[in-house]
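**Q** Enclosed is the structure file input-v7.csv (CSV, C-alpha atoms and all ligand atoms).
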chain,number,residue,atom,x,y,z
M,1,MET,CA,-6.9,44.7,30.7
M,2,LYS,CA,-4.0,43.7,28.4
M,3,ALA,CA,-4.0,41.3,25.6
M,4,ILE,CA,-1.4,40.2,23.0
M,5,THR,CA,-2.7,40.9,19.5
M,6,ILE,CA,-1.5,39.8,16.1
M,7,THR,CA,-1.4,43.0,14.2
M,8,SER,CA,0.2,42.0,10.8
M,9,ASN,CA,1.8,39.2,9.0
M,10,SER,CA,5.4,40.2,9.9
M,11,GLY,CA,6.3,37.3,12.1
M,12,PRO,CA,7.0,37.5,15.9
M,13,ASP,CA,7.1,41.3,15.9
M,14,ALA,CA,3.5,41.3,14.8
M,15,LEU,CA,2.6,40.4,18.5
M,16,GLN,CA,1.7,43.6,20.4
M,17,LEU,CA,0.7,43.9,24.0
M,18,GLN,CA,-2.3,46.2,23.8
M,19,ASP,CA,-5.2,47.5,25.9
M,20,ALA,CA,-8.4,45.5,25.3
M,21,PRO,CA,-11.9,45.9,26.6
M,22,GLU,CA,-12.7,44.0,29.9
M,23,PRO,CA,-14.8,40.9,29.1
M,24,SER,CA,-18.1,40.6,30.9
M,25,PRO,CA,-19.6,37.1,31.4
M,26,LYS,CA,-22.7,36.1,29.5
M,27,ASP,CA,-25.2,33.6,31.0
M,28,GLY,CA,-23.3,30.3,31.6
M,29,GLU,CA,-19.8,31.9,31.3
M,30,ALA,CA,-17.1,32.7,33.8
M,31,ILE,CA,-14.3,35.3,33.6
M,32,VAL,CA,-10.9,33.6,34.1
M,33,ARG,CA,-8.0,35.8,35.4
M,34,VAL,CA,-5.4,34.1,33.2
M,35,ARG,CA,-2.1,33.2,34.8
M,36,ALA,CA,-0.6,31.1,32.0
M,37,ALA,CA,-1.4,30.6,28.3
M,38,GLY,CA,0.0,27.9,26.1
M,39,VAL,CA,2.0,28.8,23.0
M,40,ASN,CA,1.6,26.5,20.0
M,41,PHE,CA,3.4,26.1,16.8
M,42,ALA,CA,0.2,27.1,15.0
M,43,ASP,CA,0.4,30.5,16.7
M,44,THR,CA,3.8,31.2,15.0
M,45,LEU,CA,2.2,30.4,11.6
M,46,MET,CA,-0.6,32.9,12.4
M,47,THR,CA,1.9,35.7,12.8
M,48,LYS,CA,3.0,35.0,9.2
M,49,GLY,CA,-0.4,34.7,7.7
M,50,LEU,CA,0.2,31.0,7.0
M,51,TYR,CA,-2.5,29.5,9.2
M,52,TYR,CA,-5.7,28.0,7.8
M,53,GLY,CA,-8.8,29.2,9.7
M,54,ALA,CA,-7.2,32.2,11.5
M,55,PRO,CA,-9.6,35.2,12.1
M,56,PRO,CA,-9.0,38.4,10.1
M,57,LEU,CA,-6.3,40.8,11.6
M,58,PRO,CA,-6.1,42.1,14.2
M,59,PHE,CA,-6.9,39.3,16.6
M,60,VAL,CA,-5.8,37.7,19.9
M,61,PRO,CA,-4.4,34.2,19.5
M,62,GLY,CA,-4.1,31.5,22.2
M,63,TYR,CA,-5.8,28.1,22.2
M,64,GLU,CA,-5.4,27.3,25.9
M,65,LEU,CA,-5.3,29.0,29.3
M,66,ALA,CA,-5.1,28.4,33.0
M,67,GLY,CA,-6.0,30.8,35.8
M,68,GLU,CA,-8.5,31.7,38.6
M,69,ILE,CA,-12.2,32.4,38.3
M,70,GLU,CA,-12.7,36.1,38.8
M,71,ARG,CA,-16.5,36.2,38.5
M,72,VAL,CA,-19.3,34.2,37.0
M,73,GLY,CA,-22.3,35.0,34.8
M,74,THR,CA,-25.9,34.3,35.8
M,75,GLY,CA,-27.0,30.7,36.0
M,76,VAL,CA,-23.5,29.4,36.9
M,77,LYS,CA,-23.4,26.9,39.7
M,78,GLY,CA,-20.5,25.0,41.2
M,79,LEU,CA,-17.8,27.5,40.5
M,80,LYS,CA,-16.7,30.4,42.7
M,81,GLU,CA,-14.2,33.2,42.7
M,82,GLY,CA,-10.7,32.0,43.2
M,83,ASP,CA,-11.2,28.4,41.8
M,84,ARG,CA,-8.2,27.3,39.8
M,85,VAL,CA,-9.2,26.2,36.3
M,86,PHE,CA,-7.9,25.5,32.8
M,87,SER,CA,-9.5,25.3,29.4
M,88,ALA,CA,-9.0,25.0,25.6
M,89,VAL,CA,-10.5,28.0,23.8
M,90,PRO,CA,-11.1,28.7,20.1
M,91,PHE,CA,-8.8,31.8,20.1
M,92,GLY,CA,-8.1,34.7,22.5
M,93,GLY,CA,-6.2,32.9,25.2
M,94,TYR,CA,-3.2,35.4,25.2
M,95,ALA,CA,-5.1,37.8,27.5
M,96,GLU,CA,-5.2,38.8,31.1
M,97,LYS,CA,-8.9,38.0,31.3
M,98,VAL,CA,-11.1,35.7,29.1
M,99,ALA,CA,-14.8,34.8,29.2
M,100,VAL,CA,-15.2,31.0,28.9
M,101,ALA,CA,-18.3,28.8,28.8
M,102,VAL,CA,-18.3,27.0,32.2
M,103,GLU,CA,-18.7,23.5,30.7
M,104,LYS,CA,-15.3,24.0,29.1
M,105,LEU,CA,-13.6,24.7,32.3
M,106,LEU,CA,-11.8,21.9,34.3
M,107,PRO,CA,-10.3,22.1,37.8
M,108,ILE,CA,-6.5,22.1,38.1
M,109,PRO,CA,-5.6,19.1,40.2
M,110,ARG,CA,-4.1,19.9,43.6
M,111,GLY,CA,-0.4,20.6,43.6
M,112,ARG,CA,-0.2,21.3,39.8
M,113,SER,CA,0.9,24.7,38.5
M,114,PHE,CA,-0.9,27.1,36.1
M,115,GLU,CA,1.9,26.6,33.6
M,116,GLU,CA,1.4,22.8,33.6
M,117,ALA,CA,-2.3,23.2,33.2
M,118,ALA,CA,-1.8,25.6,30.2
M,119,ALA,CA,0.6,23.0,28.7
M,120,LEU,CA,-2.0,20.2,28.6
M,121,PRO,CA,-5.1,20.8,26.4
M,122,VAL,CA,-3.7,21.2,22.8
M,123,ASN,CA,-0.6,19.0,23.1
M,124,TYR,CA,-2.4,16.1,24.8
M,125,MET,CA,-5.6,16.2,22.8
M,126,THR,CA,-3.5,16.2,19.6
M,127,ALA,CA,-1.5,13.2,20.9
M,128,TYR,CA,-4.5,11.4,22.3
M,129,HIS,CA,-6.5,11.8,19.1
M,130,ALA,CA,-3.5,10.7,16.9
M,131,LEU,CA,-2.5,7.7,19.0
M,132,TYR,CA,-5.6,6.4,20.8
M,133,VAL,CA,-8.3,7.3,18.4
M,134,LEU,CA,-6.8,7.2,14.9
M,135,ALA,CA,-3.8,4.8,15.3
M,136,ASN,CA,-5.6,2.6,17.9
M,137,LEU,CA,-2.2,1.9,19.6
M,138,ARG,CA,-1.9,-1.5,21.3
M,139,PRO,CA,0.6,-2.6,24.0
M,140,SER,CA,2.8,-4.4,21.6
M,141,SER,CA,2.9,-1.5,19.1
M,142,SER,CA,5.8,0.6,18.0
M,143,VAL,CA,5.5,4.2,17.0
M,144,LEU,CA,7.6,6.8,15.2
M,145,ILE,CA,7.1,10.3,16.6
M,146,HIS,CA,8.4,13.3,14.6
M,147,ALA,CA,9.4,16.4,16.6
M,148,ALA,CA,9.4,14.1,19.6
M,149,ALA,CA,11.0,16.6,22.0
M,150,GLY,CA,8.3,19.2,21.2
M,151,GLY,CA,5.1,19.9,23.0
M,152,VAL,CA,2.9,17.4,21.1
M,153,GLY,CA,5.9,15.1,20.8
M,154,LEU,CA,6.5,14.7,24.6
M,155,ALA,CA,2.8,14.3,25.2
M,156,ALA,CA,2.7,11.5,22.5
M,157,ILE,CA,5.7,9.8,24.1
M,158,GLN,CA,3.9,9.7,27.5
M,159,LEU,CA,0.6,8.4,26.0
M,160,ALA,CA,2.4,5.8,23.9
M,161,GLN,CA,4.4,4.6,26.9
M,162,LEU,CA,1.2,4.5,29.0
M,163,ARG,CA,-0.2,2.0,26.5
M,164,GLY,CA,3.0,0.0,26.7
M,165,ALA,CA,4.2,0.9,23.1
M,166,ARG,CA,7.8,1.3,22.0
M,167,VAL,CA,8.8,4.8,20.8
M,168,TYR,CA,11.3,6.0,18.2
M,169,GLY,CA,11.6,9.7,17.9
M,170,THR,CA,13.1,12.3,15.5
M,171,ALA,CA,14.5,15.5,16.9
M,172,SER,CA,17.5,17.9,16.5
M,173,ARG,CA,20.6,16.2,18.0
M,174,SER,CA,21.0,18.5,21.0
M,175,LYS,CA,17.7,17.1,22.3
M,176,HIS,CA,18.6,13.4,22.1
M,177,PRO,CA,19.9,13.0,25.6
M,178,PHE,CA,16.6,14.4,27.0
M,179,LEU,CA,14.6,12.0,24.7
M,180,LEU,CA,16.7,9.0,25.8
M,181,SER,CA,16.2,9.9,29.4
M,182,ARG,CA,12.4,9.8,28.7
M,183,GLY,CA,12.7,6.1,27.7
M,184,VAL,CA,12.6,6.6,23.9
M,185,GLU,CA,14.2,3.5,22.3
M,186,ALA,CA,16.1,5.5,19.7
M,187,ALA,CA,16.5,9.2,18.9
M,188,ILE,CA,17.0,10.0,15.2
M,189,ASP,CA,18.6,13.3,13.9
M,190,TYR,CA,16.4,14.0,10.9
M,191,ARG,CA,18.8,16.7,9.8
M,192,SER,CA,21.8,14.4,9.3
M,193,GLU,CA,20.3,10.9,9.1
M,194,ASP,CA,17.8,9.4,6.7
M,195,PHE,CA,15.0,8.5,9.2
M,196,GLU,CA,13.4,6.0,6.9
M,197,GLN,CA,16.7,4.0,6.8
M,198,ARG,CA,17.2,4.3,10.5
M,199,VAL,CA,13.7,3.0,11.3
M,200,GLY,CA,14.3,0.1,8.9
M,201,GLN,CA,17.5,-0.8,10.8
M,202,LEU,CA,16.0,-0.3,14.2
M,203,THR,CA,13.0,-2.6,13.4
M,204,GLY,CA,14.8,-5.3,11.5
M,205,GLY,CA,13.1,-4.2,8.3
M,206,ARG,CA,9.6,-4.6,9.8
M,207,GLY,CA,8.7,-1.0,10.2
M,208,VAL,CA,6.5,0.7,12.8
M,209,ASP,CA,2.8,0.3,13.6
M,210,ALA,CA,2.2,4.0,13.7
M,211,ALA,CA,3.9,7.2,12.5
M,212,LEU,CA,3.0,10.6,13.8
M,213,ASP,CA,4.0,13.3,11.3
M,214,PRO,CA,3.5,17.0,11.7
M,215,ILE,CA,6.4,17.8,9.3
M,216,GLY,CA,4.6,17.4,6.0
M,217,GLY,CA,6.0,17.5,2.5
M,218,TRP,CA,8.3,14.7,1.6
M,219,SER,CA,8.3,13.5,5.3
M,220,PHE,CA,4.7,12.2,4.8
M,221,VAL,CA,5.8,9.9,2.0
M,222,LYS,CA,8.9,8.7,3.9
M,223,SER,CA,6.8,8.1,7.1
M,224,TRP,CA,4.3,6.1,5.1
M,225,ARG,CA,7.2,3.9,3.8
M,226,CYS,CA,8.2,3.3,7.5
M,227,LEU,CA,4.9,1.6,8.3
M,228,ALA,CA,4.6,-2.1,9.0
M,229,PRO,CA,1.6,-4.0,7.6
M,230,ALA,CA,-1.6,-2.7,9.3
M,231,GLY,CA,0.3,0.5,10.2
M,232,MET,CA,-1.2,3.9,10.3
M,233,LEU,CA,0.3,7.2,9.3
M,234,VAL,CA,-1.3,10.2,11.1
M,235,CYS,CA,-0.7,13.6,9.4
M,236,TYR,CA,-1.4,16.7,11.5
M,237,GLY,CA,1.0,19.4,10.5
M,238,VAL,CA,3.2,21.0,7.8
M,239,ALA,CA,6.1,22.4,9.8
M,240,SER,CA,8.3,22.0,6.7
M,241,GLY,CA,6.1,24.7,5.1
M,242,SER,CA,6.5,27.2,7.9
M,243,GLY,CA,9.4,29.2,6.2
M,244,GLY,CA,7.0,31.4,4.2
M,245,ARG,CA,4.5,31.1,1.3
M,246,LEU,CA,7.0,29.4,-1.0
M,247,SER,CA,8.0,26.7,1.4
M,248,SER,CA,4.4,26.3,2.3
M,249,TYR,CA,3.4,25.6,-1.4
M,250,ARG,CA,6.4,23.3,-1.8
M,251,SER,CA,5.4,21.4,1.3
M,252,PHE,CA,1.9,20.9,0.1
M,253,ALA,CA,3.1,19.9,-3.4
M,254,LEU,CA,5.5,17.3,-2.0
M,255,SER,CA,3.0,15.8,0.4
M,256,GLY,CA,2.2,13.1,-2.1
M,257,LEU,CA,-1.0,11.2,-3.0
M,258,PHE,CA,-1.9,8.1,-1.1
M,259,SER,CA,-3.8,5.7,-3.3
M,260,PRO,CA,-6.6,3.6,-1.8
M,261,LEU,CA,-5.4,0.7,-3.9
M,262,ALA,CA,-1.9,0.9,-2.3
M,263,MET,CA,-3.5,1.1,1.1
M,264,MET,CA,-5.6,-2.0,0.5
M,265,LEU,CA,-2.8,-4.1,-1.0
M,266,ARG,CA,-0.2,-3.0,1.5
M,267,ASN,CA,-2.5,-2.9,4.5
M,268,LYS,CA,-1.5,0.6,5.5
M,269,GLY,CA,-3.7,3.6,6.4
M,270,VAL,CA,-3.4,7.3,6.3
M,271,ALA,CA,-5.4,9.7,8.6
M,272,GLY,CA,-5.3,13.4,9.1
M,273,PHE,CA,-6.9,15.8,11.4
M,274,HIS,CA,-7.2,19.4,12.5
M,275,LEU,CA,-8.1,19.7,16.2
M,276,GLY,CA,-9.9,23.0,15.7
M,277,LEU,CA,-12.3,21.4,13.2
M,278,LEU,CA,-13.1,18.2,15.2
M,279,PRO,CA,-16.6,17.9,16.7
M,280,GLN,CA,-17.0,19.6,20.1
M,281,GLU,CA,-18.4,16.4,21.7
M,282,LEU,CA,-15.4,14.4,20.7
M,283,LEU,CA,-13.0,17.0,22.0
M,284,ALA,CA,-14.9,17.3,25.3
M,285,TRP,CA,-14.7,13.5,25.7
M,286,GLU,CA,-10.9,13.4,24.9
M,287,MET,CA,-10.3,16.3,27.3
M,288,SER,CA,-12.2,14.6,30.2
M,289,GLU,CA,-10.3,11.3,29.6
M,290,LEU,CA,-7.0,13.3,29.7
M,291,HIS,CA,-8.1,15.2,32.8
M,292,LYS,CA,-8.7,11.9,34.6
M,293,LEU,CA,-5.3,10.6,33.6
M,294,TRP,CA,-3.7,13.8,34.8
M,295,ASP,CA,-5.6,13.7,38.1
M,296,ASP,CA,-4.5,10.1,38.6
M,297,GLY,CA,-0.8,11.2,38.2
M,298,LYS,CA,-0.4,9.3,34.9
M,299,LEU,CA,0.6,12.4,32.9
M,300,ALA,CA,3.2,15.1,33.5
M,301,PRO,CA,3.0,18.0,31.1
M,302,HIS,CA,6.6,19.2,30.6
M,303,VAL,CA,7.0,23.0,30.5
M,304,GLY,CA,10.3,23.7,28.9
M,305,ARG,CA,10.3,27.4,29.3
M,306,SER,CA,7.9,30.2,30.3
M,307,PHE,CA,8.1,33.8,29.2
M,308,PRO,CA,6.3,36.9,30.7
M,309,ALA,CA,3.5,38.0,28.4
M,310,GLU,CA,5.4,41.1,27.4
M,311,GLN,CA,8.1,38.8,25.9
M,312,ALA,CA,5.6,37.0,23.6
M,313,ALA,CA,7.7,37.8,20.5
M,314,GLU,CA,10.7,36.2,22.2
M,315,ALA,CA,8.7,33.1,23.0
M,316,HIS,CA,7.6,32.8,19.4
M,317,ARG,CA,11.2,33.2,18.2
M,318,PHE,CA,12.3,30.5,20.6
M,319,LEU,CA,9.6,28.0,19.5
M,320,GLN,CA,10.0,28.6,15.7
M,321,GLY,CA,13.8,28.5,16.0
M,322,ARG,CA,13.5,24.8,17.0
M,323,GLU,CA,15.1,25.5,20.4
M,324,SER,CA,12.3,24.4,22.7
M,325,VAL,CA,11.9,21.1,24.5
M,326,GLY,CA,8.4,20.5,25.7
M,327,LYS,CA,5.9,23.3,26.1
M,328,VAL,CA,6.4,27.1,25.9
M,329,VAL,CA,4.0,29.1,28.0
M,330,LEU,CA,3.3,32.8,28.6
M,331,THR,CA,2.6,34.0,32.1
M,332,PHE,CA,0.3,37.0,32.9
M,401,LIG,P1,6.8,21.8,18.9
M,401,LIG,O1,6.9,20.4,18.5
M,401,LIG,O2,7.0,22.1,20.4
M,401,LIG,O3,7.9,22.7,18.1
M,401,LIG,C1,8.1,22.5,16.8
M,401,LIG,C2,9.3,21.5,16.6
M,401,LIG,O4,9.2,20.9,15.4
M,401,LIG,C3,10.7,22.2,16.6
M,401,LIG,O5,11.2,22.4,17.9
M,401,LIG,C4,11.5,21.3,15.8
M,401,LIG,O6,12.1,20.3,16.7
M,401,LIG,C5,10.5,20.5,15.0
M,401,LIG,N1,10.7,20.7,13.6
M,401,LIG,C6,10.9,19.8,12.6
M,401,LIG,N2,11.0,20.3,11.4
M,401,LIG,C7,10.7,21.6,11.5
M,401,LIG,C8,10.7,22.7,10.6
M,401,LIG,N3,10.9,22.5,9.3
M,401,LIG,N4,10.4,23.9,11.1
M,401,LIG,C9,10.2,24.1,12.4
M,401,LIG,N5,10.2,23.1,13.3
M,401,LIG,C10,10.5,21.9,12.9
M,401,LIG,O7,5.4,22.5,18.5
M,401,LIG,P2,4.0,22.0,18.9
M,401,LIG,O8,3.2,23.2,19.2
M,401,LIG,O9,4.0,20.9,19.8
M,401,LIG,O10,3.4,21.4,17.5
M,401,LIG,C11,4.0,20.3,16.8
M,401,LIG,C12,3.4,20.1,15.5
M,401,LIG,O11,2.1,19.6,15.6
M,401,LIG,C13,3.3,21.4,14.6
M,401,LIG,O12,3.6,21.2,13.3
M,401,LIG,C14,1.9,21.8,14.8
M,401,LIG,O13,1.4,22.6,13.7
M,401,LIG,C15,1.2,20.4,14.8
M,401,LIG,N6,-0.1,20.4,15.5
M,401,LIG,C16,-1.2,20.1,14.8
M,401,LIG,C17,-2.4,20.0,15.4
M,401,LIG,C18,-3.6,19.6,14.6
M,401,LIG,O14,-4.7,19.8,15.1
M,401,LIG,N7,-3.5,19.1,13.4
M,401,LIG,C19,-2.5,20.4,16.8
M,401,LIG,C20,-1.4,20.7,17.5
M,401,LIG,C21,-0.1,20.7,16.9
M,401,LIG,P3,13.3,19.3,16.3
M,401,LIG,O15,14.2,20.0,15.3
M,401,LIG,O16,13.9,18.9,17.6
M,401,LIG,O17,12.6,18.2,15.7
Translate this structure into structure tokens?
**A**
Amino acid sequence: MKAITITSNSGPDALQLQDAPEPSPKDGEAIVRVRAAGVNFADTLMTKGLYYGAPPLPFVPGYELAGEIERVGTGVKGLKEGDRVFSAVPFGGYAEKVAVAVEKLLPIPRGRSFEEAAALPVNYMTAYHALYVLANLRPSSSVLIHAAAGGVGLAAIQLAQLRGARVYGTASRSKHPFLLSRGVEAAIDYRSEDFEQRVGQLTGGRGVDAALDPIGGWSFVKSWRCLAPAGMLVCYGVASGSGGRLSSYRSFALSGLFSPLAMMLRNKGVAGFHLGLLPQELLAWEMSELHKLWDDGKLAPHVGRSFPAEQAAEAHRFLQGRESVGKVVLTF
């Protein structure tokens, strides 16, 4: 079978479609014939050696997949060949076949595509954890979402709107019409406008109840300053440090320190998380809540573009070039 392997730290060209051994299912596992695998911004950092917690080279990336059950290991009940399933996996999703523990597999709702299923786990769990668990969003809340037209961003818009919250989003200008069509109150071009000033104007000086920031560096500080009393800044990425080692150090150095005293006196909070390091029970619960919402037709993962697996390098260039809207997926 074929798998896409990261072979060096040379960027997108480090992705090579290679032969890999056929997986065989252990007890309690099933082999999924993958039809679609989600591409995440984190994967692009892995090709540059900039991702904390990546395995040693060479390795197969890929945090999520959707496909059909090809065969099951001993002791597996309730799943059969041909069942359509999707899952989050620790790594290894960019492959034609993957062995997955059956308790991590979920059925794809009727009428939904493999691409949509592969677009759901990482983006929606990230948005769910940030908005519902950490920021405790309420119906009257307002939220500032950075990279709002991206995979996580669009998931966050849907979940925020589902709670009845108002959304302000930052994005490159070409994506603003799309964001406005999605019901965002205002789209802010972070490249030509000062988003902190715009949020001040848009909220009459009050600020927002939550800010979702995967940009890092100075953006964390400005997002904190956008918060209304009792607001929560959720930090979950450092896209501003993705240019290379130097920009990565710069981004960390500029991220700022948040003093507990300032948090107490201003009634503002800061939270951060790394999905890959959250407890499995919490992730499983979040995933099952999201599965129910999707099954009920309350979520609609937006696949912006899908690429055949052999064009994985192209898919990465597209994502890291800030061109994508919604999710990028690979098809096998
Ligand atoms: P994405 O948002 O679909 O793509 C990245 C987008 O970020 C770009 O299209 C670009 O859109 C925006 N961006 C803003 N500043 C950027 C910069 N300096 N360099 C590159 N892009 C920049 O990607 P995603 O996979 O959904 O992930 C979004 C962010 O969440 C990433 O930073 C990722 O690392 C983070 N994340 C964290 C976790 C976690 O567990 N902590 C989990 C998932 C994702 P605009 O120019 O239109 O804004």
**Q** Using only C-alpha atoms and all ligand atoms, find each residue of chain M with at least one atom at most 7 Å away from an atom of ligand LIG 401 (chain M); report its shortest atom-to-atom pair and that distance in Å (one decimal), sort the rows by chain and rising residue number, and return the result as a Markdown table.
**A**
| residue | atom | partner | partner_atom | distance |
| --- | --- | --- | --- | --- |
| M:Val39 | CA | M:LIG401 | O8 | 6.9 |
| M:Asn40 | CA | M:LIG401 | O8 | 3.8 |
| M:Phe41 | CA | M:LIG401 | O8 | 3.8 |
| M:Ala42 | CA | M:LIG401 | O13 | 4.8 |
| M:Val122 | CA | M:LIG401 | C20 | 5.8 |
| M:Asn123 | CA | M:LIG401 | C20 | 5.9 |
| M:Thr126 | CA | M:LIG401 | C19 | 5.1 |
| M:His146 | CA | M:LIG401 | O17 | 6.5 |
| M:Ala147 | CA | M:LIG401 | O17 | 3.8 |
| M:Ala148 | CA | M:LIG401 | O17 | 6.5 |
| M:Ala149 | CA | M:LIG401 | O16 | 5.7 |
| M:Gly150 | CA | M:LIG401 | O1 | 3.3 |
| M:Gly151 | CA | M:LIG401 | O9 | 3.5 |
| M:Val152 | CA | M:LIG401 | O9 | 3.9 |
| M:Gly153 | CA | M:LIG401 | O1 | 5.9 |
| M:Thr170 | CA | M:LIG401 | O17 | 5.9 |
| M:Ala171 | CA | M:LIG401 | O17 | 3.5 |
| M:Ser172 | CA | M:LIG401 | O16 | 3.9 |
| M:Lys175 | CA | M:LIG401 | O16 | 6.3 |
| M:Pro214 | CA | M:LIG401 | O12 | 4.5 |
| M:Ile215 | CA | M:LIG401 | N2 | 5.6 |
| M:Tyr236 | CA | M:LIG401 | N7 | 3.7 |
| M:Gly237 | CA | M:LIG401 | O12 | 4.2 |
| M:Val238 | CA | M:LIG401 | O12 | 5.5 |
| M:Ala239 | CA | M:LIG401 | O12 | 4.5 |
| M:Ser240 | CA | M:LIG401 | N3 | 3.7 |
| M:Gly241 | CA | M:LIG401 | N3 | 6.7 |
| M:Ser242 | CA | M:LIG401 | N4 | 6.0 |
| M:Phe273 | CA | M:LIG401 | N7 | 5.1 |
| M:His274 | CA | M:LIG401 | O14 | 3.6 |
| M:Leu275 | CA | M:LIG401 | O14 | 3.6 |
| M:Gly276 | CA | M:LIG401 | O14 | 6.1 |
| M:Leu319 | CA | M:LIG401 | O3 | 5.7 |
| M:Gln320 | CA | M:LIG401 | C9 | 5.6 |
| M:Gly321 | CA | M:LIG401 | C9 | 6.7 |
| M:Arg322 | CA | M:LIG401 | O5 | 3.4 |
| M:Glu323 | CA | M:LIG401 | O5 | 5.6 |
| M:Ser324 | CA | M:LIG401 | O5 | 5.3 |
| M:Val325 | CA | M:LIG401 | O2 | 6.5 |
| M:Gly326 | CA | M:LIG401 | O2 | 5.7 |
| M:Lys327 | CA | M:LIG401 | O2 | 5.9 |
**Q** Of the candidates M:Ala210, M:Ala117, M:Ala300, M:Leu254, which shows the shortest atom-to-atom distance to Val34 (chain M), using all atoms listed in the file?
**A**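 Counting all atoms listed in the file, the residue closest to Val34 (chain M) is M:Ala117.
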**Q** Which residues are near region 194-209 of chain M? Cut-off 10 Å, only C-alpha atoms, ignore same chain within fewer than 3 positions. Put them as a PyMOL selection string.
**A** chain M and resi 135-138+140-144+146+165-170+185-191+219+221-233+268
**Q** What does the distance from CA of Val72 (chain M) to CA of Arg35 (chain M) come to in Å, to one decimal?
**A** 17.4 Å
**Q** Please, what distance in Å, to one decimal, runs between CA of Asp83 (chain M) and CA of Phe114 (chain M)?
**A**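 Distance between the two atoms: 11.8 Å.
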**Q** In Å, how far is it from CA of Phe59 (chain M) to CA of Ile6 (chain M)?
**A**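 Spanning CA of Phe59 (chain M) to CA of Ile6 (chain M) is a straight-line distance of 5.4 Å.
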**Q** Take the point (-27.4, 37.0, 30.3) in the file's coordinates, draw a sphere of radius 9 Å around it, and report as a PyMOL selection string every protein, DNA or RNA residue with an atom inside or on it, counting only C-alpha atoms.
**A** chain M and resi 25-28+73-75
**Q** For each of M:Ala3, M:Glu115, M:Val89, M:Lys48, take the minimum atom-to-atom distance to Val60 (chain M), counting only C-alpha atoms, then give the residue where this is smallest.
**A** M:Ala3
**Q** Rank M:Met125, M:Met263, M:Leu212, M:Ala20 by their smallest atom-to-atom distance to His291 (chain M), using all atoms listed in the file, and report the top residue only.
**A**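 Of all the options, M:Met125 lies closest to His291 (chain M).
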**Q** Determine the nearest neighbour of Ala312 (chain M) from the options M:Ala118, M:Leu299, M:Ile4, M:Ala253, counting only C-alpha atoms.
**A**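 With only C-alpha atoms as the atom set, the closest residue is M:Ile4.
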**Q** With all atoms listed in the file as the atoms that count, which of M:Trp285, M:Phe220, M:Tyr249, M:Phe178 lies nearest to Val133 (chain M)?
**A** M:Trp285
**Q** Which residues, written as an MDAnalysis selection string, have at least one atom at most 6 Å from region 62-65 of chain M, with all atoms listed in the file counted and residues fewer than 4 positions away on the same chain left out?
**A** chainID M and resid 36:38 86:94 118
**Q** Here is a test: counting all atoms listed in the file, which residue of M:Glu116, M:Glu193, M:Glu96, M:Glu281 is nearest to Pro301 (chain M)?
**A**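 Answer, going by the shortest atom-to-atom distance: M:Glu116.
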